[in-house]
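K.L.:
One file is attached below, upload_34.cif, containing mmCIF, C-alpha atoms.
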```cif
data_final
loop_
_atom_site.label_atom_id
_atom_site.label_comp_id
_atom_site.auth_asym_id
_atom_site.auth_seq_id
_atom_site.Cartn_x
_atom_site.Cartn_y
_atom_site.Cartn_z
CA MET A 1 0.00 0.00 0.00
CA LYS A 2 2.88 2.33 0.83
CA ILE A 3 4.45 1.66 -2.57
CA LYS A 4 1.19 2.49 -4.31
CA HIS A 5 0.80 5.71 -2.40
CA SER A 6 4.38 6.70 -3.19
CA ARG A 7 3.78 6.20 -6.90
CA GLU A 8 0.65 8.30 -6.84
CA GLN A 9 2.53 11.10 -5.13
CA GLU A 10 5.27 10.83 -7.70
CA ALA A 11 2.74 11.01 -10.57
CA GLU A 12 1.04 14.02 -9.00
CA GLY A 13 4.37 15.75 -8.56
CA LYS A 14 5.29 15.05 -12.13
CA GLN A 15 1.94 16.42 -13.31
CA LEU A 16 2.39 19.52 -11.20
CA LEU A 17 5.84 20.00 -12.65
CA GLU A 18 4.49 19.67 -16.18
CA ASP A 19 1.69 22.14 -15.44
CA TYR A 20 4.18 24.55 -13.95
CA GLN A 21 6.47 24.25 -16.99
CA LYS A 22 3.48 24.77 -19.25
CA ARG A 23 2.54 27.95 -17.40
CA VAL A 24 6.16 29.13 -17.57
CA ASN A 25 6.16 28.56 -21.33
CA GLU A 26 2.89 30.46 -21.67
CA MET A 27 4.25 33.32 -19.59
CA GLU A 28 7.40 33.43 -21.72
CA LYS A 29 5.24 33.48 -24.87
CA LEU A 30 3.11 36.25 -23.42
CA LEU A 31 6.23 38.15 -22.48
CA LYS A 32 7.63 37.67 -25.96
CA ASP A 33 4.35 38.82 -27.56
CA TYR A 34 4.30 41.81 -25.23
CA ARG A 35 7.85 42.76 -26.21
CA SER A 36 6.93 42.33 -29.86
CA LEU A 37 3.89 44.55 -29.41
CA GLU A 38 5.99 47.04 -27.53
CA GLN A 39 8.52 47.06 -30.40
CA ASN A 40 5.73 47.45 -32.94
CA PHE A 41 4.30 50.29 -30.91
CA ASP A 42 7.72 51.94 -30.82
CA ASN A 43 8.04 51.46 -34.58
CA VAL A 44 4.56 52.88 -35.12
CA GLY A 45 5.38 55.79 -32.89
CA GLN A 46 8.60 56.43 -34.75
CA GLY A 47 6.77 56.14 -38.09
CA TYR A 48 4.11 58.53 -36.85
CA GLU A 49 6.77 61.04 -35.83
CA GLU A 50 8.47 60.65 -39.20
CA ALA A 51 5.10 61.10 -40.93
CA LEU A 52 4.49 64.25 -38.90
CA MET A 53 7.92 65.58 -39.81
CA ALA A 54 7.33 64.77 -43.49
CA PHE A 55 3.93 66.46 -43.34
CA ASP A 56 5.45 69.54 -41.73
CA LYS A 57 8.11 69.60 -44.43
CA MET A 58 5.46 69.27 -47.13
CA GLU A 59 3.52 72.15 -45.61
CA GLU A 60 6.69 74.21 -45.50
CA GLU A 61 7.42 73.43 -49.17
CA LYS A 62 3.80 74.17 -50.03
CA GLN A 63 4.06 77.59 -48.41
CA LYS A 64 7.25 78.28 -50.36
CA VAL A 65 5.53 77.26 -53.60
CA LEU A 66 2.55 79.47 -52.78
CA LYS A 67 4.85 82.42 -52.13
CA VAL A 68 6.65 81.82 -55.44
CA LYS A 69 3.28 81.52 -57.20
CA GLU A 70 2.07 84.77 -55.65
CA ALA A 71 5.29 86.50 -56.70
CA ILE A 72 4.96 85.19 -60.27
CA GLU A 73 1.29 86.23 -60.43
CA LYS A 74 2.20 89.67 -59.14
CA GLN A 75 4.96 90.02 -61.74
CA SER A 76 2.63 88.72 -64.45
CA ASN A 77 -0.05 91.24 -63.50
CA GLU A 78 2.53 94.01 -63.49
CA VAL A 79 3.79 92.92 -66.94
CA MET A 80 0.24 92.74 -68.31
CA ALA A 81 -0.56 96.17 -66.90
CA ALA A 82 2.64 97.60 -68.41
CA LYS A 83 1.84 95.87 -71.73
CA GLN A 84 -1.67 97.29 -71.76
CA LYS A 85 -0.37 100.75 -70.92
CA LEU A 86 2.24 100.48 -73.69
CA GLU A 87 -0.40 99.30 -76.19
CA GLU A 88 -2.65 102.21 -75.24
CA THR A 89 0.26 104.63 -75.64
CA MET A 90 1.24 103.12 -78.99
CA LEU A 91 -2.38 103.27 -80.16
CA LYS A 92 -2.60 106.95 -79.21
CA LYS A 93 0.64 107.66 -81.08
CA LYS A 94 -0.58 105.65 -84.06
CA ASN A 95 -3.85 107.59 -84.14
CA MET A 96 -1.97 110.89 -83.92
CA ILE A 97 0.35 109.91 -86.79
CA GLU A 98 -2.65 108.81 -88.87
CA GLN A 99 -4.40 112.10 -88.22
CA TYR A 100 -1.31 114.12 -89.20
CA ALA A 101 -0.71 112.03 -92.35
CA GLU A 102 -4.35 112.29 -93.41
CA ALA A 103 -4.32 116.03 -92.70
CA ILE A 104 -1.28 116.40 -94.96
CA LYS A 105 -3.05 114.61 -97.81
CA GLN A 106 -6.21 116.65 -97.38
CA LYS A 107 -4.32 119.95 -97.46
CA LEU A 108 -2.33 119.09 -100.60
CA ASP A 109 -2.84 121.01 -103.79
CA TYR A 110 -2.86 118.13 -106.27
CA THR A 111 -2.32 120.50 -109.15
CA HIS A 112 1.23 120.92 -107.89
CA PRO A 113 3.69 118.51 -109.59
CA ASN A 114 5.13 117.29 -106.25
CA ALA A 115 1.77 116.70 -104.59
CA GLY A 116 1.73 113.03 -105.60
CA ASN A 117 5.16 112.41 -104.08
CA ILE A 118 4.11 114.05 -100.82
CA ALA A 119 0.92 111.98 -100.69
CA LEU A 120 2.91 108.81 -101.36
CA THR A 121 5.28 109.67 -98.53
CA ALA A 122 2.32 110.19 -96.20
CA ASN A 123 0.93 106.79 -97.23
CA GLN A 124 4.30 105.13 -96.65
CA ILE A 125 4.35 106.55 -93.13
CA LEU A 126 0.88 105.10 -92.57
CA ASN A 127 2.07 101.75 -93.94
CA VAL A 128 4.94 101.58 -91.44
CA ILE A 129 2.63 102.00 -88.44
CA ASP A 130 -0.01 99.70 -89.92
CA ILE A 131 2.12 96.72 -90.93
CA GLU A 132 1.30 94.47 -87.97
CA MET A 133 -2.38 95.34 -87.62
CA GLU A 134 -4.82 92.43 -87.92
CA GLN A 135 -8.13 93.54 -86.46
CA PRO A 136 -10.98 94.15 -88.95
CA LEU A 137 -11.39 97.71 -90.16
CA ARG A 138 -14.59 99.58 -89.44
CA CYS A 139 -16.60 100.07 -92.62
CA GLU A 140 -18.69 103.24 -92.52
CA ASP A 141 -18.67 104.55 -96.10
CA ASN A 142 -20.98 103.95 -99.03
CA VAL A 143 -18.69 104.94 -101.87
CA MET A 144 -18.70 104.65 -105.64
CA ALA A 145 -16.05 102.47 -107.24
CA GLN A 146 -14.97 105.33 -109.48
CA ASP A 147 -14.45 107.60 -106.45
CA ILE A 148 -12.03 105.12 -104.86
CA ALA A 149 -10.14 104.91 -108.15
CA ALA A 150 -10.09 108.70 -108.60
CA MET A 151 -8.69 109.29 -105.11
CA ALA A 152 -6.04 106.57 -105.54
CA ILE A 153 -4.96 108.00 -108.91
CA GLN A 154 -4.68 111.43 -107.35
CA GLU A 155 -2.71 110.33 -104.28
CA SER A 156 -0.35 108.08 -106.22
CA GLY A 157 0.49 110.82 -108.73
CA ILE A 158 0.46 108.18 -111.46
CA GLN A 159 -0.98 110.58 -114.05
CA SER A 160 2.28 112.51 -113.87
CA TYR A 161 4.38 109.38 -114.33
CA GLN A 162 6.36 109.86 -117.52
CA LYS A 163 8.11 106.53 -118.05
CA ALA A 164 4.93 104.63 -118.93
CA GLU A 165 1.49 105.57 -120.19
CA PHE A 166 -1.31 105.31 -117.61
CA LYS A 167 -4.86 104.35 -118.50
CA CYS A 168 -7.97 103.80 -116.41
CA GLN A 169 -10.87 101.74 -117.70
CA MET A 170 -14.16 100.82 -116.06
CA VAL A 171 -16.65 98.24 -117.30
CA GLU A 172 -20.20 99.49 -117.62
CA GLU A 173 -21.50 97.40 -114.72
CA ALA A 174 -18.91 98.91 -112.35
CA GLN A 175 -19.84 102.50 -113.19
CA ALA A 176 -22.93 102.39 -110.98
CA THR A 177 -21.46 100.08 -108.35
CA MET A 178 -21.15 101.21 -104.74
CA VAL A 179 -19.36 99.43 -101.93
CA PHE A 180 -19.81 99.69 -98.18
CA THR A 181 -16.25 99.93 -96.95
CA ASN A 182 -13.65 102.15 -95.33
CA SER A 183 -12.82 104.48 -98.21
CA LYS A 184 -9.52 105.92 -96.95
CA HIS A 185 -8.06 102.46 -96.32
CA ALA A 186 -9.37 101.09 -99.61
CA VAL A 187 -7.70 104.04 -101.36
CA ARG A 188 -4.42 103.32 -99.52
CA ALA A 189 -4.44 99.70 -100.71
CA LEU A 190 -5.01 100.76 -104.31
CA VAL A 191 -2.35 103.49 -104.05
CA ALA A 192 0.15 100.82 -102.96
CA LEU A 193 -0.62 98.77 -106.08
CA LEU A 194 -0.29 101.77 -108.39
CA ASP A 195 2.96 102.81 -106.69
CA ASN A 196 4.29 99.26 -107.10
CA ALA A 197 3.46 99.34 -110.81
CA MET A 198 5.34 102.63 -111.26
CA LYS A 199 8.42 101.26 -109.49
CA PHE A 200 8.72 98.25 -111.79
CA THR A 201 7.51 99.68 -115.11
CA ALA A 202 10.20 101.63 -116.92
CA GLN A 203 8.34 101.70 -120.23
CA GLY A 204 5.11 100.61 -121.83
CA GLU A 205 1.77 100.92 -120.07
CA ILE A 206 0.05 100.79 -116.68
CA LEU A 207 -3.67 100.03 -116.72
CA LEU A 208 -6.19 100.31 -113.90
CA LEU A 209 -9.23 98.20 -114.82
CA ILE A 210 -12.32 98.37 -112.63
CA ASN A 211 -14.54 95.34 -112.98
CA VAL A 212 -17.36 93.45 -111.24
CA ALA A 213 -16.83 89.72 -110.69
CA GLY A 214 -19.71 87.96 -108.96
CA SER A 215 -20.26 89.59 -105.58
CA ASN A 216 -16.95 91.48 -105.68
CA LEU A 217 -15.74 94.77 -107.04
CA GLU A 218 -12.28 94.33 -108.56
CA PHE A 219 -9.51 96.87 -109.12
CA CYS A 220 -7.01 95.27 -111.50
CA VAL A 221 -3.61 96.94 -111.87
CA GLU A 222 -1.76 95.69 -114.95
CA ASP A 223 1.69 96.79 -116.10
CA THR A 224 4.30 95.93 -118.70
CA GLY A 225 7.11 95.95 -116.17
CA THR A 226 9.55 93.31 -115.00
CA GLY A 227 6.85 90.95 -113.75
CA VAL A 228 6.97 88.44 -110.90
CA LEU A 229 7.75 84.74 -111.19
CA SER A 230 4.89 82.49 -110.04
CA ASP A 231 7.22 80.99 -107.41
CA TYR A 232 7.23 84.38 -105.68
CA ALA A 233 3.46 84.97 -105.93
CA GLU A 234 3.04 84.74 -102.14
CA LYS A 235 6.53 85.70 -101.01
CA ILE A 236 6.14 89.24 -102.36
CA PHE A 237 3.37 89.81 -99.79
CA GLU A 238 5.66 89.00 -96.89
CA PRO A 239 6.93 92.03 -94.92
CA TYR A 240 10.26 93.57 -95.92
CA VAL A 241 10.64 91.32 -98.97
CA LYS A 242 12.18 93.05 -101.99
CA LEU A 243 12.81 91.05 -105.15
CA ASN A 244 15.04 93.79 -106.51
CA ASP A 245 17.18 96.00 -104.27
CA PHE A 246 17.80 98.47 -107.09
CA PHE A 247 14.29 99.87 -106.69
CA GLU A 248 13.19 102.23 -103.94
CA GLY A 249 10.94 101.10 -101.12
CA ASN A 250 11.07 99.20 -97.86
CA GLY A 251 9.23 96.04 -98.93
CA ILE A 252 6.01 96.62 -96.97
CA GLY A 253 3.71 98.24 -99.52
CA LEU A 254 2.19 95.00 -100.85
CA THR A 255 2.13 93.52 -97.35
CA VAL A 256 0.04 96.36 -95.97
CA ALA A 257 -2.13 96.53 -99.11
CA ARG A 258 -3.13 92.88 -98.76
CA SER A 259 -3.60 93.29 -94.99
CA ILE A 260 -5.96 96.22 -95.58
CA ALA A 261 -7.87 94.33 -98.26
CA ARG A 262 -8.40 91.32 -96.01
CA ARG A 263 -9.35 93.48 -93.03
CA LEU A 264 -12.01 95.01 -95.29
CA GLY A 265 -13.34 91.55 -96.14
CA GLY A 266 -11.62 91.38 -99.54
CA ASP A 267 -8.21 90.31 -100.81
CA ILE A 268 -5.27 91.10 -103.09
CA ARG A 269 -3.63 88.47 -105.24
CA LEU A 270 -1.11 88.26 -108.03
CA ASP A 271 -2.53 86.85 -111.26
CA THR A 272 0.10 84.25 -112.13
CA ASP A 273 -1.51 83.60 -115.52
CA TYR A 274 -0.82 87.14 -116.69
CA ARG A 275 2.09 87.55 -119.10
CA GLY A 276 4.03 90.60 -120.22
CA GLY A 277 4.38 92.17 -116.77
CA SER A 278 2.35 91.98 -113.56
CA ARG A 279 -1.34 91.96 -112.79
CA PHE A 280 -2.59 92.50 -109.25
CA VAL A 281 -6.29 92.05 -108.41
CA PHE A 282 -7.74 93.96 -105.46
CA SER A 283 -11.24 92.71 -104.58
CA LEU A 284 -13.82 94.22 -102.24
CA PRO A 285 -17.20 92.69 -101.36
CA ILE A 286 -20.14 94.58 -102.83
#
```
Translate the structure described by the file into structure tokens.

P.N.:
Amino acid sequence: MKIKHSREQEAEGKQLLEDYQKRVNEMEKLLKDYRSLEQNFDNVGQGYEEALMAFDKMEEEKQKVLKVKEAIEKQSNEVMAAKQKLEETMLKKKNMIEQYAEAIKQKLDYTHPNAGNIALTANQILNVIDIEMEQPLRCEDNVMAQDIAAMAIQESGIQSYQKAEFKCQMVEEAQATMVFTNSKHAVRALVALLDNAMKFTAQGEILLLINVAGSNLEFCVEDTGTGVLSDYAEKIFEPYVKLNDFFEGNGIGLTVARSIARRLGGDIRLDTDYRGGSRFVFSLPI
């Protein structure tokens, strides 16, 4: 009986030892998990601090960007204001020059032999200040086709040109034709074409033909001068282009003439089919 009791005590002790070891293992696991959680918490805390620092840095950079943006916007507004002021000043000067040039032409005595040259000079001044204009021109005049031609002939002085004979012809339909346009600018465009014909026609004939083609009134300036190769049909309308440096001029007359025509709703083109000289066609909508 004593041996049996001793074995039972031994078994109980062994079981208690196993239970104790089991609890020790569990405690060690809990301790390990706790340390792991503690480490994770430390890592999270460190990451949170780093995130806060990064956020603060981003905010700081954002403020710098905003300040730069504000400075650029301020400079841009100042530049735009200066640009607008300059444009207004230039427009005032342009209007003053136009008024003076037009006043000169109106006061000319066209019976004087030099009147045409003075009028041409006034038109060349107007061309210089008008070369980069693109906005449409205000049309306020109901004018006869023959009146535009008469004023252009007078201002160009082409009737006094002695190297070539000048003629003006008008088809019957055009004689009663009126156009709603800006007469002074239409005259300037036609003057430029007549002046161009005089520059490049040393002998022969210059003809101004006034015609009606569909819904357009056409002023055709034909000459027996040097002519223009078809390859240069568009290039001659570019600013400051001169096909021959031996002739006077600054290479903007045709440029401004076409610009005026288009701003009046019409056009100017070189007739590349014409032979024996040059033929420019200035069209205006009727």

K.L.:
Find the residues of range 170-229 of chain A that sit at most 10 Å from range 260-266 of chain A; for each, write down the nearest two atoms and how far apart they are in Å, to one decimal. Count all atoms listed in the file. Sort by chain, then by number going up, and give it as CSV.

P.N.:
```
residue,atom,partner,partner_atom,distance
A:Phe180,CA,A:Leu264,CA,9.5
A:Thr181,CA,A:Leu264,CA,6.7
A:Asn182,CA,A:Leu264,CA,7.3
A:Ser183,CA,A:Leu264,CA,9.9
A:His185,CA,A:Ile260,CA,6.6
A:Ala186,CA,A:Ala261,CA,7.1
A:Val187,CA,A:Ile260,CA,9.9
A:Arg188,CA,A:Ile260,CA,8.3
A:Ala189,CA,A:Ile260,CA,6.4
A:Leu190,CA,A:Ala261,CA,9.3
A:Asn216,CA,A:Gly266,CA,8.1
A:Leu217,CA,A:Gly266,CA,9.2
A:Glu218,CA,A:Gly266,CA,9.5
```

K.L.:
Can you tell me, as an mmCIF file with C-alpha atoms, keeping the file's coordinate frame, what residues are no more than 7 Å from Glu222 in chain A when counting all atoms listed in the file, ignoring any on the same chain fewer than 6 positions away?

P.N.:
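Generated output (part.cif):
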```cif
data_model
loop_
_atom_site.group_PDB
_atom_site.id
_atom_site.type_symbol
_atom_site.label_atom_id
_atom_site.label_comp_id
_atom_site.auth_asym_id
_atom_site.auth_seq_id
_atom_site.Cartn_x
_atom_site.Cartn_y
_atom_site.Cartn_z
ATOM 1 C CA ILE A 206 0.050 100.790 -116.680
ATOM 2 C CA LEU A 207 -3.670 100.030 -116.720
ATOM 3 C CA LEU A 208 -6.190 100.310 -113.900
ATOM 4 C CA SER A 278 2.350 91.980 -113.560
ATOM 5 C CA ARG A 279 -1.340 91.960 -112.790
ATOM 6 C CA PHE A 280 -2.590 92.500 -109.250
#
```

K.L.:
Distance CA of Lys93 in chain A-CA of Asp130 in chain A, one decimal place?

P.N.:
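These atoms are spaced 11.9 Å apart.
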
K.L.:
Name the closest residue to Ala145 in chain A among the candidates A:Gln169, A:Ala197, A:Val179, A:Ile268; distances are taken between atoms, counting only C-alpha atoms.

P.N.:
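Under the stated criterion, the closest residue is A:Val179.
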
K.L.:
Can you translate the PyMOL selection byres ((chain A and resi 239) around 6) into the concrete residues it hits in this file, as number ranges by chain?

P.N.:
A: 238, 240-241, 252, 255

K.L.:
Which of these residues is nearest to Pro285 in chain A, using all atoms listed in the file: A:Ala122, A:Ala192, A:Ala213, A:Met133?

P.N.:
A:Ala213

K.L.:
Grab the CA of Ala152 in chain A to CA of Ser283 in chain A distance for me, in Å with one decimal place.

P.N.:
14.8 Å

K.L.:
I need the residue nearest Lys184 in chain A from this list: A:Asn142, A:Asn211, A:Ser160, A:Thr226. Use only C-alpha atoms for the distance.

P.N.:
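Looking only at the distances to Lys184 in chain A, the closest residue turns out to be A:Asn142.
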
K.L.:
Could you state the separation of CA of Glu172 in chain A and CA of Met144 in chain A in Å, given to one decimal place?

P.N.:
13.1 Å

K.L.:
Carefully work through the PyMOL selection byres ((chain A and resi 126) around 9) for this structure and note down the residues it includes, as a ChimeraX atom specification.

P.N.:
/A:94,97-98,101-102,121-125,127-131,188

K.L.:
Can you list, as JSON, numbers by chain, the residues that the PyMOL selection byres ((chain A and resi 153) around 12) selects here?

P.N.:
{"A": [110, 115, 116, 119, 120, 146, 147, 148, 149, 150, 151, 152, 154, 155, 156, 157, 158, 159, 160, 161, 166, 167, 168, 187, 188, 189, 190, 191, 192, 193, 194, 195, 198, 206, 207, 208, 221]}

K.L.:
Would you please work out which residue, of A:Glu12, A:Glu87, A:Asp141, A:Glu134, is nearest to Val256 in chain A when using all atoms listed in the file?

P.N.:
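Closest to Val256 in chain A, using all atoms listed in the file: A:Glu134.
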